[in-house]
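Okay, data_24.cif is below, mmCIF, C-alpha atoms:
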```cif
data_run
loop_
_atom_site.label_atom_id
_atom_site.label_comp_id
_atom_site.auth_asym_id
_atom_site.auth_seq_id
_atom_site.Cartn_x
_atom_site.Cartn_y
_atom_site.Cartn_z
CA MET B 1 87.83 223.30 48.03
CA TRP B 2 90.08 222.11 50.85
CA GLY B 3 87.32 219.88 52.25
CA ASP B 4 86.70 218.11 48.95
CA ARG B 5 90.40 217.51 48.44
CA ALA B 6 90.81 216.14 51.95
CA LEU B 7 87.89 213.85 51.51
CA GLY B 8 89.29 212.71 48.20
CA VAL B 9 92.57 211.87 49.83
CA ALA B 10 91.07 210.02 52.77
CA GLN B 11 88.85 207.74 50.80
CA PRO B 12 91.63 206.08 48.80
CA PHE B 13 93.59 205.56 52.00
CA ARG B 14 90.60 203.82 53.66
CA ARG B 15 90.13 201.64 50.65
CA ARG B 16 93.75 200.58 50.76
CA ARG B 17 93.45 199.70 54.48
CA ILE B 18 90.33 197.67 53.82
CA VAL B 19 92.11 195.82 51.05
CA LEU B 20 95.08 195.08 53.33
CA LEU B 21 92.81 193.84 56.08
CA SER B 22 91.00 191.59 53.60
CA ILE B 23 94.32 190.20 52.42
CA VAL B 24 95.36 189.51 56.04
CA ILE B 25 92.03 187.84 56.80
CA LEU B 26 92.28 185.69 53.67
CA ALA B 27 95.86 184.75 54.56
CA LEU B 28 94.84 183.81 58.05
CA GLY B 29 91.94 181.74 56.74
CA ALA B 30 94.16 179.94 54.29
CA GLY B 31 96.60 179.16 57.11
CA ALA B 32 93.81 177.78 59.23
CA VAL B 33 92.66 175.55 56.38
CA THR B 34 96.21 174.35 55.86
CA ALA B 35 96.65 173.66 59.61
CA GLY B 36 93.38 171.76 59.70
CA ALA B 37 94.48 169.61 56.84
CA LEU B 38 97.70 168.85 58.64
CA THR B 39 96.01 167.98 61.91
CA GLY B 40 93.37 165.83 60.32
CA GLY B 41 90.38 168.03 60.81
CA THR B 42 89.13 171.53 61.09
CA LYS B 43 86.87 171.15 64.07
CA PRO B 44 87.24 169.60 67.51
CA LEU B 45 86.06 166.05 68.08
CA GLU B 46 82.78 165.77 69.81
CA ALA B 47 82.61 163.51 72.89
CA GLY B 48 80.58 160.39 72.22
CA PRO B 49 79.41 157.37 74.21
CA LEU B 50 82.13 154.94 75.44
CA VAL B 51 82.10 151.83 73.34
CA THR B 52 83.75 148.62 74.69
CA SER B 53 85.26 146.57 71.95
CA THR B 54 84.49 142.85 71.89
CA PRO B 55 87.38 140.64 70.82
CA MET B 56 86.83 138.59 67.75
CA PRO B 57 86.34 134.88 68.31
CA GLY B 58 89.63 133.02 68.54
CA THR B 59 91.65 136.10 69.49
CA GLU B 60 93.14 137.07 72.82
CA PRO B 61 92.41 140.47 74.41
CA SER B 62 95.06 143.01 73.41
CA ILE B 63 95.26 144.65 76.86
CA GLY B 64 97.23 143.06 79.71
CA PRO B 65 99.33 139.88 79.85
CA PRO B 66 97.83 136.66 78.49
CA SER B 67 95.97 134.74 81.13
CA THR B 68 97.16 131.25 82.21
CA PRO B 69 94.44 128.63 81.89
CA THR B 70 93.45 127.05 85.20
CA PRO B 71 94.27 123.31 85.16
CA ALA B 72 91.37 120.97 85.55
CA ARG B 73 90.96 119.76 89.11
CA ALA B 74 91.60 116.04 89.44
CA ALA B 75 88.76 113.98 90.72
CA PRO B 76 89.32 113.04 94.37
CA THR B 77 90.60 109.53 94.86
CA VAL B 78 89.19 107.25 97.49
CA SER B 79 91.82 105.45 99.58
CA PRO B 80 91.13 101.74 99.83
CA ASP B 81 90.21 100.45 103.21
CA PRO B 82 93.24 98.98 105.00
CA VAL B 83 93.40 95.22 104.80
CA GLU B 84 93.54 93.63 108.21
CA MET B 85 95.90 90.71 108.32
CA PRO B 86 94.53 87.89 110.41
CA LEU B 87 96.39 87.41 113.65
CA PHE B 88 97.99 84.06 114.31
CA ASP B 89 95.68 82.06 116.57
CA ARG B 90 97.89 80.73 119.34
CA ALA B 91 94.96 78.87 120.85
CA ALA B 92 94.19 76.92 117.68
CA ARG B 93 95.71 73.72 119.09
CA SER B 94 96.17 72.31 122.55
CA LEU B 95 99.52 72.68 124.31
CA ASP B 96 98.65 69.91 126.78
CA ASP B 97 97.06 67.15 124.72
CA PRO B 98 99.91 64.69 123.92
CA SER B 99 98.37 64.02 120.49
CA SER B 100 98.45 67.73 119.52
CA LEU B 101 101.12 68.90 117.08
CA TRP B 102 101.70 71.83 119.42
CA VAL B 103 102.02 69.93 122.65
CA VAL B 104 104.76 71.48 124.78
CA VAL B 105 106.86 68.91 126.61
CA ASP B 106 109.68 69.99 128.89
CA LYS B 107 111.02 69.33 132.38
CA THR B 108 108.03 71.00 134.01
CA ARG B 109 105.39 69.77 131.54
CA PRO B 110 105.39 65.93 131.46
CA LEU B 111 103.13 64.03 129.10
CA ASN B 112 99.71 63.08 130.41
CA PRO B 113 99.39 60.16 130.52
CA ILE B 114 103.05 59.69 131.25
CA ASP B 115 103.20 56.48 129.16
CA TYR B 116 101.46 58.08 126.14
CA ALA B 117 102.02 56.32 122.80
CA PRO B 118 100.92 57.75 119.39
CA THR B 119 98.42 55.74 117.35
CA ASP B 120 99.55 56.78 113.87
CA LEU B 121 103.23 55.82 113.89
CA ILE B 122 104.71 54.75 110.56
CA ASP B 123 108.16 53.84 109.30
CA VAL B 124 110.06 56.77 107.82
CA PRO B 125 111.61 55.86 104.42
CA VAL B 126 114.91 57.74 104.78
CA PRO B 127 118.52 56.64 105.37
CA HIS B 128 119.07 55.86 109.05
CA VAL B 129 121.24 54.48 111.83
CA TRP B 130 118.33 53.05 113.77
CA SER B 131 115.08 52.25 111.95
CA PRO B 132 112.97 55.42 112.38
CA GLN B 133 109.28 55.77 113.17
CA LEU B 134 107.27 58.99 113.41
CA ARG B 135 103.66 60.08 113.31
CA ARG B 136 102.42 60.11 109.72
CA GLU B 137 102.48 63.88 109.16
CA ALA B 138 105.92 64.22 110.69
CA SER B 139 107.18 61.29 108.62
CA GLU B 140 106.01 62.85 105.35
CA ALA B 141 107.61 66.16 106.30
CA THR B 142 110.90 64.39 107.08
CA VAL B 143 110.97 62.74 103.66
CA ALA B 144 110.38 66.14 102.01
CA LEU B 145 113.10 67.80 104.11
CA PHE B 146 115.70 65.12 103.30
CA ALA B 147 114.89 65.30 99.58
CA ALA B 148 115.13 69.11 99.51
CA PHE B 149 118.46 69.06 101.34
CA THR B 150 119.99 66.67 98.80
CA ALA B 151 118.53 68.61 95.86
CA GLU B 152 119.89 71.92 97.16
CA THR B 153 123.29 70.82 98.42
CA GLY B 154 124.17 67.54 96.73
CA LEU B 155 124.82 66.06 100.19
CA ALA B 156 122.87 63.52 102.23
CA LEU B 157 121.25 63.22 105.68
CA GLN B 158 120.27 60.27 107.82
CA SER B 159 118.05 59.70 110.82
CA GLN B 160 119.95 59.00 114.03
CA SER B 161 116.99 58.53 116.38
CA SER B 162 113.24 59.20 116.27
CA TYR B 163 110.28 57.79 118.24
CA ARG B 164 111.11 56.26 121.59
CA SER B 165 108.49 54.69 123.79
CA HIS B 166 108.22 55.37 127.52
CA ASP B 167 109.91 52.06 128.32
CA THR B 168 112.74 52.76 125.87
CA GLN B 169 113.24 56.18 127.45
CA VAL B 170 113.54 54.55 130.87
CA ASP B 171 116.45 52.49 129.57
CA VAL B 172 118.14 55.45 127.82
CA TYR B 173 117.91 57.71 130.88
CA ASN B 174 119.09 55.09 133.35
CA ARG B 175 122.09 54.28 131.17
CA ASP B 176 123.06 57.97 130.99
CA VAL B 177 122.77 58.29 134.76
CA ALA B 178 124.92 55.22 135.24
CA ASP B 179 127.58 56.48 132.84
CA ASN B 180 127.65 60.20 133.73
CA GLY B 181 125.70 60.77 136.94
CA GLN B 182 122.18 62.18 137.32
CA ALA B 183 123.21 65.84 137.33
CA PHE B 184 124.81 65.49 133.91
CA ALA B 185 122.12 63.15 132.61
CA ASP B 186 119.43 65.74 133.39
CA THR B 187 121.15 68.21 131.04
CA SER B 188 121.30 65.80 128.11
CA THR B 189 118.61 63.13 128.45
CA ALA B 190 114.94 63.65 129.34
CA ARG B 191 113.47 61.72 132.19
CA PRO B 192 110.82 59.20 131.12
CA GLY B 193 107.53 60.94 130.40
CA THR B 194 109.18 64.30 129.55
CA SER B 195 110.88 63.39 126.27
CA GLU B 196 109.76 64.86 122.96
CA HIS B 197 110.83 61.61 121.32
CA GLN B 198 107.91 59.92 123.07
CA THR B 199 105.43 62.13 121.14
CA GLY B 200 106.49 60.69 117.79
CA LEU B 201 107.20 64.26 116.60
CA ALA B 202 110.96 64.54 117.24
CA ILE B 203 113.91 63.32 115.21
CA ASP B 204 117.68 63.43 115.67
CA ILE B 205 119.42 64.02 112.31
CA SER B 206 123.04 63.44 111.32
CA ALA B 207 125.17 63.70 108.20
CA LEU B 208 125.59 60.79 105.81
CA PRO B 209 128.32 59.66 106.14
CA GLY B 210 128.39 60.53 109.81
CA ASN B 211 130.18 63.69 110.91
CA CYS B 212 129.86 65.14 114.44
CA SER B 213 126.84 62.92 115.04
CA LEU B 214 124.95 63.85 118.24
CA ASP B 215 127.61 66.45 119.04
CA ALA B 216 127.53 70.23 119.24
CA CYS B 217 130.05 70.43 116.38
CA PHE B 218 127.28 69.22 114.06
CA GLY B 219 126.00 72.81 114.07
CA GLY B 220 129.09 73.90 112.11
CA THR B 221 128.76 71.28 109.38
CA PRO B 222 127.03 72.00 106.03
CA GLN B 223 124.24 69.70 107.17
CA GLY B 224 123.78 71.42 110.51
CA GLN B 225 123.87 74.90 109.02
CA TRP B 226 121.33 74.08 106.32
CA LEU B 227 118.98 72.50 108.83
CA ALA B 228 119.19 75.48 111.16
CA GLY B 229 118.27 77.83 108.32
CA ASN B 230 115.72 75.75 106.43
CA ALA B 231 114.01 73.17 108.66
CA TRP B 232 111.17 75.64 109.40
CA ARG B 233 110.12 75.45 105.74
CA PHE B 234 109.06 71.86 106.39
CA GLY B 235 107.40 72.45 109.76
CA PHE B 236 110.38 71.64 112.03
CA LEU B 237 111.86 73.60 114.93
CA LEU B 238 115.44 73.41 116.18
CA ARG B 239 114.21 72.71 119.70
CA TYR B 240 117.33 73.30 121.83
CA PRO B 241 119.32 76.36 120.62
CA ALA B 242 122.71 77.22 122.11
CA ASP B 243 121.53 80.49 123.69
CA LYS B 244 118.30 79.16 125.21
CA VAL B 245 119.59 76.65 127.79
CA ALA B 246 118.02 78.66 130.62
CA ILE B 247 114.64 78.35 128.86
CA THR B 248 114.67 74.77 127.60
CA GLY B 249 116.79 73.18 130.35
CA TYR B 250 118.94 71.34 127.80
CA GLY B 251 122.34 72.00 126.28
CA TYR B 252 122.77 72.89 122.62
CA GLU B 253 121.51 70.09 120.36
CA PRO B 254 121.83 71.15 116.71
CA TRP B 255 120.69 67.68 115.63
CA HIS B 256 117.34 67.60 117.52
CA PHE B 257 114.34 68.79 115.51
CA ARG B 258 110.73 68.83 116.61
CA TYR B 259 107.85 68.74 114.14
CA ILE B 260 105.27 71.47 114.93
CA GLY B 261 103.62 71.90 111.53
CA PRO B 262 104.29 74.50 108.84
CA GLU B 263 101.89 77.16 110.21
CA LEU B 264 103.51 77.39 113.64
CA ALA B 265 107.03 76.92 112.27
CA THR B 266 106.53 79.77 109.81
CA GLU B 267 105.08 82.07 112.46
CA MET B 268 107.94 81.41 114.86
CA HIS B 269 110.46 81.97 112.08
CA ASP B 270 108.80 85.22 110.97
CA THR B 271 108.60 86.57 114.51
CA GLY B 272 112.13 85.48 115.39
CA THR B 273 110.96 83.33 118.32
CA ALA B 274 113.27 80.42 119.09
CA THR B 275 111.44 78.33 121.72
CA LEU B 276 107.92 77.06 122.30
CA GLU B 277 108.04 78.31 125.87
CA GLU B 278 108.68 81.89 124.75
CA PHE B 279 106.21 81.81 121.88
CA PHE B 280 103.33 80.60 124.03
CA GLY B 281 104.30 82.57 127.12
CA LEU B 282 105.03 79.51 129.23
CA PRO B 283 107.42 79.40 132.19
CA ALA B 284 111.04 78.52 131.51
CA ALA B 285 112.03 74.98 132.37
CA PRO B 286 115.69 75.03 133.45
CA GLY B 287 115.15 72.10 135.85
CA TYR B 288 112.64 69.59 137.13
CA ASN B 289 110.14 70.60 139.80
#
```
In structure tokens, how does this file's structure come out?
Amino acid sequence: MWGDRALGVAQPFRRRRIVLLSIVILALGAGAVTAGALTGGTKPLEAGPLVTSTPMPGTEPSIGPPSTPTPARAAPTVSPDPVEMPLFDRAARSLDDPSSLWVVVDKTRPLNPIDYAPTDLIDVPVPHVWSPQLRREASEATVALFAAFTAETGLALQSQSSYRSHDTQVDVYNRDVADNGQAFADTSTARPGTSEHQTGLAIDISALPGNCSLDACFGGTPQGQWLAGNAWRFGFLLRYPADKVAITGYGYEPWHFRYIGPELATEMHDTGTATLEEFFGLPAAPGYN
């Protein structure tokens, strides 16, 4: 009897434990389902192949800073070849031929022949003290110079002296010697055969009306100052500057202009060369040999 009763008691107790365990298991299962819902799934994600996303056309990649486009490289430029300026040809004309526009006449370079006379002398149609003659090209340049001076300043010039023959120069020199002595004469008047006036390319210019004519003070007049700054434009050179006495052998003569042509006059002006001797590399001529 005791065994049946004990068995009867045990069985209900086992059933109750089984029921409790089932309830616990169901509760745990329900909690797992709820947790899976909250975490977005009930099973772990399976590893799959790595897929690289391709950006859609017209969009920038979303990772990293935006790239800066590389500027287009400019096409290389070709430097032009340097332009060579032609050098002034100092041998273009003779320095010895008395008919050359570039003939250099000074105390050590007499004319050859010594009684040379130009063949193309013409009257110069400008105001004057003594009727002027010059070689044709020099005459035309003188007319242009006088006209430009009047147009630019409203003043007037006149010719004081121009071409002198060898025989005329003999008279001029001898008179200077007689009046002032040879030493002084050699600083102011060329000996026959060494005068630029004999070439037909030199002219002495003065103001009209006269002011400081054939005197150093002419350099301070409006006429003298304009000539010193502008005569080169017409092919003339102020032949005896104040600071070149040791080169030319003559005192300052701001009235004495020598026609050398516009090419040479421009080159000497541009290079700042004051005398023919220096420009052509000739010896200075402070005195006669």
Wanna dump the region 210-267 of chain B-region 185-203 of chain B contacts at 8 Å for me, each residue with its shortest atom pair and the distance in Å to one decimal, counting all atoms listed in the file, ordered by chain and number, as JSON lines?
```
{"residue": "B:Gly249", "atom": "CA", "partner": "B:Thr187", "partner_atom": "CA", "distance": 6.6}
{"residue": "B:Tyr250", "atom": "CA", "partner": "B:Thr187", "partner_atom": "CA", "distance": 5.0}
{"residue": "B:Gly251", "atom": "CA", "partner": "B:Thr187", "partner_atom": "CA", "distance": 6.2}
{"residue": "B:His256", "atom": "CA", "partner": "B:Ile203", "partner_atom": "CA", "distance": 6.0}
{"residue": "B:Phe257", "atom": "CA", "partner": "B:Ile203", "partner_atom": "CA", "distance": 5.5}
{"residue": "B:Arg258", "atom": "CA", "partner": "B:Ala202", "partner_atom": "CA", "distance": 4.3}
{"residue": "B:Tyr259", "atom": "CA", "partner": "B:Leu201", "partner_atom": "CA", "distance": 5.2}
{"residue": "B:Ile260", "atom": "CA", "partner": "B:Leu201", "partner_atom": "CA", "distance": 7.6}
```
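Selection result for the displayed file, with the PyMOL selection byres ((chain B and resi 234) around 10) as criterion, is Ala138, Glu140, Ala141, Thr142, Val143, Ala144, Leu145, Phe146, Ala148, Asn230, Ala231, Trp232, Arg233, Gly235, Phe236, Leu237, Tyr259, Ile260, Gly261, Pro262, Glu263, Ala265 and Thr266 of chain B.
Proximity to His166 (chain B) was assessed for B:Val126, B:Ala117, B:Ala178, B:Ala151 counting all atoms listed in the file; the smallest distance is recorded for B:Ala117.
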(message) One decimal, in Å: what's the spacing between CA of Gly219 (chain B) and CA of Pro241 (chain B)?
(response) 10.0 Å
(request) Return the single residue from B:Ala207, B:Phe218, B:Ala91, B:Asp243 that is closest to Val103 (chain B), with distances computed using all atoms listed in the file. (result) B:Ala91
(request) Can you work out which one of B:Phe280, B:Ser206, B:Lys107, B:Ala216 has the shortest atom-to-atom distance to Tyr252 (chain B), counting only C-alpha atoms? (result) B:Ala216
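CA of Asn112 (chain B) to CA of Asp176 (chain B) spans 23.9 Å [interatomic distance, one decimal].
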